[in-house]
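Q: Submitted below is the structure of interest, expressed as structure tokens.
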Amino acid sequence: MGMDTYSDYCQDVADTVDYVIHDSGSMDRDDWHGRLHEAAESTATYYSTCLQILKHSRNDDAFFDVYGSGHSLGECTSVGEVYTRLAFYAYLQDLNDQVRGYQDHDIASVLEWEKCTVCDEYFNPGDICDEKRGLMALSDTWSCGDCMDELEEEDEEDEEDEEDEGYPLRGGKLYSCKGKLSDDPDLQVGEEHVSNS
Ligand SMILES: [Zn+2]
């Protein structure tokens, strides 16, 4: 992962944000703050990387936005420490800017989540058993675990209703149908005689 060119740098920022989102397993932006902070800390470590961050970042003065112009960086004891601080805030701000550009469907696509067609909420298909997930993927119609539970409860209620009323009725129709045929044997025989002669 290099930062030699501006586009390399933008790609690094985008990749880092995607990694953080994926790692969090959450669509809630509040869950990303700590991870973004850690990512900025670990990236803005080496002097050469810090220089590249400050070269490409559109937020190279983010440190001063945070601490104000009154801060003199006087507590730093080396040039390297100065660059590390400036680069950390620049990179963190670039990460946050990248996050701000993400719509819900972008986040869901990073997480590989799907949108429930019943309640319109995004959810993790990994929480659903393989068989059902396969069927949903085939038809590209997704329902989240909660909605699926509700649908299954409705199905069970329907089945109970059928057991109470439907089956005896169907049985009755079947018998009455047979009864009709056996009630009129003469008519059928008579017709056969007509067609045979
Ligand atoms: Zn749902």
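Letters A, B, ... go to the chains of the structure tokens in the order shown; residues in each chain start at 1; ligands are counted from 1 in the same order.
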What residues have any atom no more than 8 Å from ligand 1 when counting only C-alpha atoms and all ligand atoms, and can you list them as a ChimeraX atom specification?

A: /A:115-123,143-148

Q: Apply DSSP to the structure's backbone, then extract all residues of stretch 48-162 of chain A labelled strand (DSSP E) and return them as an NGL selection string.

A: :A and (114-115 or 122-123)

Q: Restricting the output to C-alpha atoms, write the selected residues as a PDB file, in the first residue's frame.

A:
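Once written, part17.pdb looks like this:
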```
ATOM      1  CA  GLU A 114     -28.588  -6.734   1.924  1.00  0.00           C
ATOM      2  CA  LYS A 115     -31.706  -4.600   2.153  1.00  0.00           C
ATOM      3  CA  TYR A 122     -30.154  -3.366   5.892  1.00  0.00           C
ATOM      4  CA  PHE A 123     -29.123  -6.607   7.558  1.00  0.00           C
TER       5      PHE A 123
END
```

Q: Between A:Tyr102, A:Trp113, A:Tyr67, A:Tyr46, single out the one closest to A:Gly80, counting only C-alpha atoms.

A: A:Tyr46

Q: Considering only C-alpha atoms, can you say which of A:Ile128, A:Cys10, A:Val110, A:Leu135 comes closest to A:His22?

A: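 Going through A:Ile128, A:Cys10, A:Val110, A:Leu135 one by one, the smallest distance to A:His22 is for A:Val110.
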
Q: Just give me the gap between atom CA of A:Leu92 and atom CA of A:Ala108 in Å, one decimal is fine.

A: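 Straight-line distance from atom CA of A:Leu92 to atom CA of A:Ala108 works out to 22.2 Å.
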
Q: With only C-alpha atoms as the basis for distance, which of A:Ala62, A:Val13, A:Ile107, A:Ala87 is at the shortest distance from A:Ala44?

A: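 Answer, going by the shortest atom-to-atom distance: A:Ala87.
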
Q: So the first atom is atom CA of A:Tyr9 and the second is atom CA of A:Ser57; what is the distance between them in Å, to one decimal place?

A: 8.1 Å
